[in-house]
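Enquirer: Just protein.cif, nothing more (mmCIF, C-alpha atoms):
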```cif
data_entry
#
loop_
_atom_site.label_atom_id
_atom_site.label_comp_id
_atom_site.auth_asym_id
_atom_site.auth_seq_id
_atom_site.Cartn_x
_atom_site.Cartn_y
_atom_site.Cartn_z
CA MET I 1 95.80 -31.82 50.32
CA ARG I 2 92.54 -31.87 48.42
CA VAL I 3 91.26 -28.46 47.29
CA LEU I 4 87.69 -28.00 46.03
CA TYR I 5 86.15 -25.05 44.19
CA PHE I 6 82.49 -24.14 43.90
CA ALA I 7 80.27 -21.75 41.90
CA TRP I 8 82.13 -18.89 40.14
CA VAL I 9 85.37 -19.79 41.92
CA ARG I 10 85.24 -23.18 40.12
CA GLN I 11 84.44 -21.48 36.81
CA LYS I 12 87.37 -19.07 37.12
CA VAL I 13 89.89 -21.70 38.26
CA GLY I 14 88.61 -23.99 35.49
CA ILE I 15 88.50 -27.19 37.57
CA ALA I 16 86.30 -28.49 40.39
CA GLU I 17 89.08 -29.98 42.51
CA GLU I 18 92.78 -30.75 42.63
CA GLU I 19 95.41 -32.41 44.80
CA VAL I 20 98.12 -30.00 45.89
CA ALA I 21 101.26 -30.21 48.03
CA PRO I 22 102.02 -26.67 49.19
CA PRO I 23 105.39 -25.94 50.88
CA SER I 24 105.63 -26.11 54.66
CA ASP I 25 105.39 -22.34 55.13
CA VAL I 26 101.78 -22.50 53.87
CA ARG I 27 100.17 -23.03 57.26
CA ASP I 28 96.77 -21.36 57.13
CA VAL I 29 93.89 -20.59 54.76
CA ALA I 30 95.19 -17.10 53.92
CA SER I 31 98.66 -18.33 52.93
CA LEU I 32 97.11 -21.17 50.90
CA VAL I 33 95.07 -18.56 48.98
CA ALA I 34 98.26 -16.65 48.15
CA TRP I 35 100.05 -19.84 47.10
CA LEU I 36 97.14 -21.13 44.95
CA ALA I 37 96.76 -17.74 43.23
CA ALA I 38 100.19 -18.19 41.63
CA ARG I 39 99.34 -21.55 40.03
CA SER I 40 97.61 -20.29 36.86
CA PRO I 41 95.89 -17.22 35.39
CA GLY I 42 92.56 -18.87 36.27
CA HIS I 43 93.59 -19.31 39.90
CA ALA I 44 94.81 -15.69 39.95
CA ALA I 45 91.43 -14.48 38.65
CA ALA I 46 89.50 -16.58 41.17
CA PHE I 47 91.61 -15.41 44.11
CA ALA I 48 92.06 -11.78 42.97
CA ASP I 49 89.78 -10.42 45.72
CA PRO I 50 89.99 -12.62 48.84
CA LYS I 51 87.18 -10.57 50.46
CA GLN I 52 84.76 -12.16 47.97
CA LEU I 53 85.83 -15.66 49.00
CA ARG I 54 84.71 -17.99 51.75
CA ALA I 55 86.50 -21.16 52.80
CA ALA I 56 85.87 -24.45 54.54
CA VAL I 57 88.41 -26.79 56.09
CA ASN I 58 87.28 -30.41 56.42
CA GLN I 59 83.72 -29.32 55.62
CA ASP I 60 83.43 -26.65 58.32
CA PHE I 61 83.44 -22.93 57.53
CA ALA I 62 86.90 -21.52 58.23
CA THR I 63 88.39 -18.04 58.65
CA PRO I 64 91.62 -16.93 56.88
CA ASP I 65 93.71 -17.64 59.99
CA HIS I 66 92.43 -21.24 60.25
CA PRO I 67 95.39 -23.68 60.22
CA ILE I 68 95.69 -26.28 57.45
CA ALA I 69 97.53 -29.60 57.29
CA ALA I 70 98.62 -32.00 54.55
CA ASN I 71 95.60 -34.31 54.69
CA ASP I 72 92.93 -31.60 54.94
CA GLU I 73 90.10 -31.03 52.51
CA VAL I 74 89.96 -27.28 51.82
CA ALA I 75 87.19 -25.65 49.79
CA PHE I 76 86.87 -22.14 48.33
CA PHE I 77 83.59 -20.59 47.23
CA PRO I 78 81.58 -17.34 47.14
CA PRO I 79 79.29 -16.33 50.04
CA VAL I 80 76.44 -18.86 50.13
CA THR I 81 73.02 -18.14 48.56
CA GLY I 82 70.73 -21.04 49.47
CA GLY I 83 67.31 -21.09 51.05
CA MET E 1 66.72 -35.91 65.14
CA ALA E 2 65.65 -33.88 62.14
CA ARG E 3 64.89 -35.35 58.73
CA VAL E 4 67.38 -33.67 56.36
CA LEU E 5 67.37 -34.27 52.62
CA VAL E 6 69.32 -32.66 49.78
CA GLN E 7 67.96 -33.90 46.48
CA GLU E 8 67.23 -33.05 42.84
CA ALA E 9 63.72 -34.50 42.93
CA ALA E 10 60.62 -32.53 43.85
CA PHE E 11 59.08 -33.27 47.26
CA ASP E 12 55.55 -33.86 48.51
CA THR E 13 54.74 -31.15 51.06
CA GLY E 14 51.51 -32.83 52.14
CA ALA E 15 53.11 -36.21 52.75
CA GLU E 16 56.00 -34.62 54.64
CA THR E 17 53.58 -32.68 56.87
CA THR E 18 51.46 -35.75 57.56
CA ALA E 19 54.59 -37.70 58.52
CA LEU E 20 55.19 -35.26 61.40
CA THR E 21 51.71 -35.74 62.88
CA ALA E 22 51.16 -39.45 62.19
CA VAL E 23 51.25 -42.04 65.00
CA ARG E 24 51.51 -39.47 67.80
CA THR E 25 49.05 -37.19 69.58
CA ASP E 26 51.36 -34.65 71.25
CA VAL E 27 51.66 -32.34 68.23
CA GLY E 28 49.70 -29.11 68.49
CA GLY E 29 50.90 -27.49 65.29
CA VAL E 30 53.21 -27.71 62.31
CA ALA E 31 54.81 -24.55 60.91
CA SER E 32 56.10 -24.57 57.37
CA PHE E 33 58.15 -22.52 54.95
CA LEU E 34 58.06 -23.43 51.27
CA GLY E 35 60.61 -21.54 49.18
CA VAL E 36 59.60 -21.23 45.51
CA CYS E 37 61.63 -20.20 42.45
CA ARG E 38 60.51 -16.71 41.31
CA GLY E 39 60.55 -15.92 37.61
CA ASP E 40 61.93 -12.36 37.89
CA ASP E 41 63.43 -10.54 34.89
CA GLY E 42 62.66 -13.28 32.38
CA LEU E 43 64.40 -15.99 34.43
CA GLU E 44 64.29 -19.34 32.61
CA ALA E 45 65.74 -21.52 35.36
CA MET E 46 67.66 -21.48 38.63
CA VAL E 47 70.57 -23.91 38.96
CA LEU E 48 71.50 -24.78 42.53
CA GLU E 49 74.97 -26.08 43.26
CA HIS E 50 76.08 -27.37 46.67
CA TYR E 51 78.99 -28.96 48.52
CA PRO E 52 77.98 -32.62 48.95
CA GLY E 53 78.79 -33.83 52.45
CA MET E 54 79.25 -30.41 53.99
CA THR E 55 75.71 -29.39 53.04
CA GLU E 56 74.01 -32.24 54.89
CA ARG E 57 76.34 -31.73 57.85
CA ALA E 58 75.69 -27.98 58.03
CA ILE E 59 71.90 -28.42 57.83
CA ALA E 60 71.91 -31.20 60.44
CA ARG E 61 73.87 -28.93 62.78
CA ILE E 62 71.46 -26.02 62.28
CA ALA E 63 68.48 -28.36 62.81
CA ALA E 64 70.04 -29.74 66.00
CA GLU E 65 70.44 -26.16 67.23
CA ALA E 66 66.72 -25.53 66.54
CA GLU E 67 65.80 -28.71 68.41
CA ALA E 68 67.94 -27.58 71.36
CA ARG E 69 66.33 -24.11 71.47
CA TRP E 70 62.67 -25.05 71.00
CA PRO E 71 60.64 -28.07 72.23
CA LEU E 72 60.04 -29.60 68.80
CA THR E 73 58.35 -32.95 68.26
CA GLY E 74 59.60 -33.10 64.67
CA CYS E 75 61.65 -31.18 62.12
CA THR E 76 62.10 -31.67 58.36
CA VAL E 77 64.40 -29.76 56.01
CA ILE E 78 64.43 -30.64 52.31
CA HIS E 79 66.57 -28.54 49.95
CA ARG E 80 66.58 -29.20 46.22
CA VAL E 81 69.66 -28.87 44.01
CA GLY E 82 70.11 -28.91 40.25
CA ARG E 83 67.94 -27.10 37.68
CA ILE E 84 64.70 -25.64 39.02
CA LEU E 85 62.08 -23.83 36.92
CA PRO E 86 60.08 -20.73 37.93
CA GLY E 87 57.10 -21.78 40.05
CA GLU E 88 58.80 -24.93 41.30
CA PRO E 89 59.59 -25.43 44.99
CA ILE E 90 63.22 -25.10 46.13
CA VAL E 91 63.18 -25.66 49.88
CA LEU E 92 60.81 -26.98 52.55
CA VAL E 93 61.16 -26.39 56.28
CA LEU E 94 58.66 -28.05 58.63
CA THR E 95 58.70 -27.75 62.41
CA ALA E 96 56.22 -29.48 64.69
CA SER E 97 55.61 -28.72 68.36
CA ALA E 98 52.96 -28.94 71.05
CA HIS E 99 52.39 -25.18 70.72
CA ARG E 100 52.46 -22.75 67.82
CA ARG E 101 55.06 -20.28 69.04
CA ALA E 102 57.86 -22.85 69.23
CA ALA E 103 56.96 -24.23 65.79
CA LEU E 104 56.75 -20.80 64.14
CA GLU E 105 59.94 -19.43 65.71
CA ALA E 106 61.96 -22.58 64.95
CA CYS E 107 60.78 -22.51 61.35
CA ALA E 108 61.85 -18.87 60.91
CA PHE E 109 65.20 -19.60 62.60
CA LEU E 110 65.87 -22.52 60.24
CA ILE E 111 65.12 -20.69 57.02
CA ASP E 112 67.15 -17.65 58.12
CA TRP E 113 70.15 -19.89 58.85
CA LEU E 114 69.74 -21.93 55.67
CA LYS E 115 70.24 -18.71 53.71
CA THR E 116 73.58 -17.94 55.34
CA GLY E 117 74.92 -21.14 56.93
CA ALA E 118 74.59 -23.92 54.35
CA PRO E 119 76.84 -24.22 51.26
CA PHE E 120 74.40 -23.68 48.38
CA TRP E 121 74.93 -21.35 45.43
CA LYS E 122 72.24 -20.19 42.99
CA ARG E 123 72.93 -19.43 39.34
CA GLU E 124 70.19 -17.75 37.32
CA GLU E 125 69.75 -18.72 33.68
CA PHE E 126 68.18 -16.36 31.15
CA ALA E 127 67.35 -16.51 27.43
CA GLU E 128 70.15 -17.12 24.91
CA GLY E 129 72.49 -18.73 27.42
CA ALA E 130 73.02 -15.68 29.62
CA HIS E 131 73.55 -16.46 33.28
CA ARG E 132 74.57 -14.82 36.53
CA TRP E 133 75.45 -16.05 40.02
CA VAL E 134 73.10 -14.77 42.70
CA GLU E 135 74.97 -12.52 45.15
CA ALA E 136 74.65 -12.91 48.90
CA ARG E 137 72.49 -10.23 50.51
CA ALA E 138 73.44 -8.25 53.60
CA GLU E 139 69.85 -8.46 54.90
CA ASP E 140 70.12 -12.27 54.96
CA ASP E 141 73.21 -12.01 57.18
CA ALA E 142 71.32 -9.55 59.39
CA ALA E 143 68.32 -11.92 59.64
CA ALA E 144 70.54 -14.81 60.75
CA ALA E 145 72.49 -12.57 63.14
CA ARG E 146 69.22 -11.56 64.81
CA TRP E 147 68.90 -15.16 66.10
CA ALA E 148 72.49 -15.19 67.34
CA ALA E 149 71.79 -11.99 69.27
CA ALA E 150 68.71 -13.67 70.76
CA GLY E 151 70.95 -16.36 72.28
CA GLY E 152 72.58 -19.58 71.17
CA THR E 153 74.37 -20.00 67.82
#
```
As structure tokens, what does this structure read like?
Expert:
Amino acid sequence: MRVLYFAWVRQKVGIAEEEVAPPSDVRDVASLVAWLAARSPGHAAAFADPKQLRAAVNQDFATPDHPIAANDEVAFFPPVTGG
Amino acid sequence: MARVLVQEAAFDTGAETTALTAVRTDVGGVASFLGVCRGDDGLEAMVLEHYPGMTERAIARIAAEAEARWPLTGCTVIHRVGRILPGEPIVLVLTASAHRRAALEACAFLIDWLKTGAPFWKREEFAEGAHRWVEARAEDDAAAARWAAAGGT
């Protein structure tokens, strides 16, 4: 699974992307957040307040209950501020 | 099919507008929104980050929704990324139609959705290396939601 980070989430995690292989009980976006948060102090800081985070699965916005699979591209970022 | 571009380079608003009215005679008006970088609070530059791939896809989807809701003869969305200085343009939305109401409403719809539905993030740079990420605003969500309440998306 490819995981991407943008904006201050990327700065806190310390990397822009990584390949991960979470255990089989990580089945949705919310459980992936909990699993990623335990990977490093940077991840923990980035994921400390899930309410501040937004996610996309395979380049579509996704809610915390959205299912994830091994070959998905999952991205985490703050609420968007374009325009 | 809208013309959607995400690029670092500046764009030519006049040339883009002319492109929507050239070689056809059914256009009655072109509405435009040009977003410009404000230099508030001693801002030195705005750095725009995006999610390559998803950005183009999200904008194309929003533009297709506009084309489904209003009888447009043309639609252009250009959003810049990278480092932008105060006074420089950030985003251009152009909508052409036979009549003004469709063009004006579609243009407002597109810019409202661009603020909340496309993966861009703005970081403000100030003197001596200080910077801050721009926070999303509740009124932008409300502006986009207004269109959802009006039907469609």
Enquirer: Which residue gives the smallest distance to His66 (chain I) among I:Met1, I:Ala46, I:Lys12, I:Val33, with all atoms listed in the file counted?
Expert: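 Among the listed residues, I:Val33 lies closest to His66 (chain I).
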Enquirer: Which residues fall under the PyMOL selection byres ((chain I) within 10 of (chain E)) in this file, as a PDB file with C-alpha atoms, keeping the file's coordinate frame?
Expert:
```pdb
ATOM      1  CA  LEU I   4      87.690 -28.000  46.030  1.00  0.00           C
ATOM      2  CA  TYR I   5      86.150 -25.050  44.190  1.00  0.00           C
ATOM      3  CA  PHE I   6      82.490 -24.140  43.900  1.00  0.00           C
ATOM      4  CA  ALA I   7      80.270 -21.750  41.900  1.00  0.00           C
ATOM      5  CA  TRP I   8      82.130 -18.890  40.140  1.00  0.00           C
ATOM      6  CA  ALA I  56      85.870 -24.450  54.540  1.00  0.00           C
ATOM      7  CA  ASN I  58      87.280 -30.410  56.420  1.00  0.00           C
ATOM      8  CA  GLN I  59      83.720 -29.320  55.620  1.00  0.00           C
ATOM      9  CA  ASP I  60      83.430 -26.650  58.320  1.00  0.00           C
ATOM     10  CA  PHE I  61      83.440 -22.930  57.530  1.00  0.00           C
ATOM     11  CA  ALA I  75      87.190 -25.650  49.790  1.00  0.00           C
ATOM     12  CA  PHE I  77      83.590 -20.590  47.230  1.00  0.00           C
ATOM     13  CA  PRO I  78      81.580 -17.340  47.140  1.00  0.00           C
ATOM     14  CA  PRO I  79      79.290 -16.330  50.040  1.00  0.00           C
ATOM     15  CA  VAL I  80      76.440 -18.860  50.130  1.00  0.00           C
ATOM     16  CA  THR I  81      73.020 -18.140  48.560  1.00  0.00           C
ATOM     17  CA  GLY I  82      70.730 -21.040  49.470  1.00  0.00           C
ATOM     18  CA  GLY I  83      67.310 -21.090  51.050  1.00  0.00           C
TER      19      GLY I  83
END
```
Enquirer: Kindly indicate which residue among E:Leu94, E:Trp147, E:Glu88, E:Leu72 lies nearest to Ala15 (chain E), using only C-alpha atoms for the distances.
Expert: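 Of the candidates, the smallest distance to Ala15 (chain E) is held by E:Leu94.
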Enquirer: Write out as a list in words each polymer residue whose atoms come within 8 Å of Cys37 (chain E), counting only C-alpha atoms; drop sequence neighbours fewer than 2 positions from it.
Expert: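 Contacts, with the query itself left out: Gly35, Gly39, Met46, Ile84, Leu85, Pro86, Gly87, Glu88, Pro89 and Ile90 of chain E.
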Enquirer: Go ahead and compute the interatomic distance for CA of Glu8 (chain E) and CA of Asp72 (chain I), in Å to one decimal.
Expert: 28.4 Å
Enquirer: Mind listing as a VMD selection string all residues within 10 Å of (86.1, -31.0, 40.6), counting only C-alpha atoms?
Expert: chain I and resid 3 to 6 10 14 to 18
Enquirer: Would you write out, as a ChimeraX atom specification, every residue that the PyMOL selection byres ((chain I and resi 36) around 12) captures in this file?
Expert: /I:3-5,13,18-23,26,29-35,37-48,50,74-76
Enquirer: Could you give me, as a VMD selection string, the residues within 9 Å of Val27 (chain E), counting all atoms listed in the file and dropping anything in the same chain fewer than 4 positions from it?
Expert: chain E and resid 20 to 21 72 to 74 96 to 99
Enquirer: Rounded to one decimal in Å, what is the spacing between CA of Arg83 (chain E) and CA of Ala45 (chain E)?
Expert: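 Between CA of Arg83 (chain E) and CA of Ala45 (chain E) the gap works out to 6.4 Å.
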Enquirer: Fewer than 3 positions away in the same chain doesn't count, so skip those; otherwise give me all residues within 12 Å of Ala150 (chain E), counting only C-alpha atoms, as a list in words.
Expert: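 Close residues of Ala150 (chain E): Arg69, Glu105, Phe109, Ala143, Ala144, Ala145, Arg146, Trp147 and Thr153 of chain E.
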Enquirer: CA of Ile59 (chain E) and CA of Gly28 (chain E), how far apart in Å?
Expert: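 Distance between the two atoms: 24.6 Å.
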Enquirer: Select, counting all atoms listed in the file, all protein, DNA and RNA residues no farther than 7 Å from (97.8, -21.1, 62.9) in file coordinates, and express the selection as JSON, numbers by chain.
Expert: {"I": [27, 28, 65, 66, 67]}
Enquirer: When you get a chance, write out N, CA, C and O atoms for region 14-30 of chain I, as a compact mmCIF listing (two decimals), keeping the file's coordinate frame.
Expert:
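Contents of the output file rebuild39.txt:
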```
# COMPACT_ATOMS: atom_id res chain seq x y z
N GLY I 14 88.70 -23.11 36.66
CA GLY I 14 88.61 -23.99 35.49
C GLY I 14 88.53 -25.47 35.84
O GLY I 14 88.37 -26.30 34.95
N ILE I 15 88.64 -25.80 37.11
CA ILE I 15 88.50 -27.19 37.57
C ILE I 15 87.72 -27.21 38.88
O ILE I 15 87.68 -26.21 39.60
N ALA I 16 87.12 -28.37 39.18
CA ALA I 16 86.30 -28.49 40.39
C ALA I 16 87.14 -28.87 41.61
O ALA I 16 86.79 -28.54 42.74
N GLU I 17 88.24 -29.60 41.38
CA GLU I 17 89.08 -29.98 42.51
C GLU I 17 90.47 -30.37 42.03
O GLU I 17 90.68 -30.67 40.85
N GLU I 18 91.41 -30.34 42.95
CA GLU I 18 92.78 -30.75 42.63
C GLU I 18 93.51 -31.18 43.90
O GLU I 18 93.13 -30.82 45.01
N GLU I 19 94.52 -32.00 43.71
CA GLU I 19 95.41 -32.41 44.80
C GLU I 19 96.62 -31.49 44.74
O GLU I 19 97.22 -31.33 43.68
N VAL I 20 96.97 -30.89 45.88
CA VAL I 20 98.12 -30.00 45.89
C VAL I 20 99.03 -30.36 47.07
O VAL I 20 98.59 -30.97 48.05
N ALA I 21 100.29 -29.98 46.95
CA ALA I 21 101.26 -30.21 48.03
C ALA I 21 102.01 -28.91 48.26
O ALA I 21 103.14 -28.72 47.78
N PRO I 22 101.37 -27.97 48.98
CA PRO I 22 102.02 -26.67 49.19
C PRO I 22 103.25 -26.82 50.11
O PRO I 22 103.33 -27.77 50.89
N PRO I 23 104.20 -25.89 50.02
CA PRO I 23 105.39 -25.94 50.88
C PRO I 23 105.02 -25.75 52.35
O PRO I 23 103.92 -25.30 52.67
N SER I 24 105.94 -26.07 53.23
CA SER I 24 105.63 -26.11 54.66
C SER I 24 105.31 -24.74 55.26
O SER I 24 104.72 -24.66 56.32
N ASP I 25 105.70 -23.66 54.57
CA ASP I 25 105.39 -22.34 55.13
C ASP I 25 103.94 -21.92 54.84
O ASP I 25 103.49 -20.89 55.32
N VAL I 26 103.22 -22.75 54.08
CA VAL I 26 101.78 -22.50 53.87
C VAL I 26 101.03 -23.20 55.00
O VAL I 26 100.78 -24.40 54.95
N ARG I 27 100.69 -22.42 56.03
CA ARG I 27 100.17 -23.03 57.26
C ARG I 27 98.71 -22.70 57.55
O ARG I 27 98.12 -23.31 58.41
N ASP I 28 98.17 -21.69 56.85
CA ASP I 28 96.77 -21.36 57.13
C ASP I 28 96.04 -21.04 55.82
O ASP I 28 96.65 -21.03 54.74
N VAL I 29 94.72 -20.81 55.95
CA VAL I 29 93.89 -20.59 54.76
C VAL I 29 94.39 -19.40 53.95
O VAL I 29 94.48 -19.46 52.72
N ALA I 30 94.75 -18.31 54.63
CA ALA I 30 95.19 -17.10 53.92
C ALA I 30 96.46 -17.35 53.11
O ALA I 30 96.57 -16.91 51.95
```
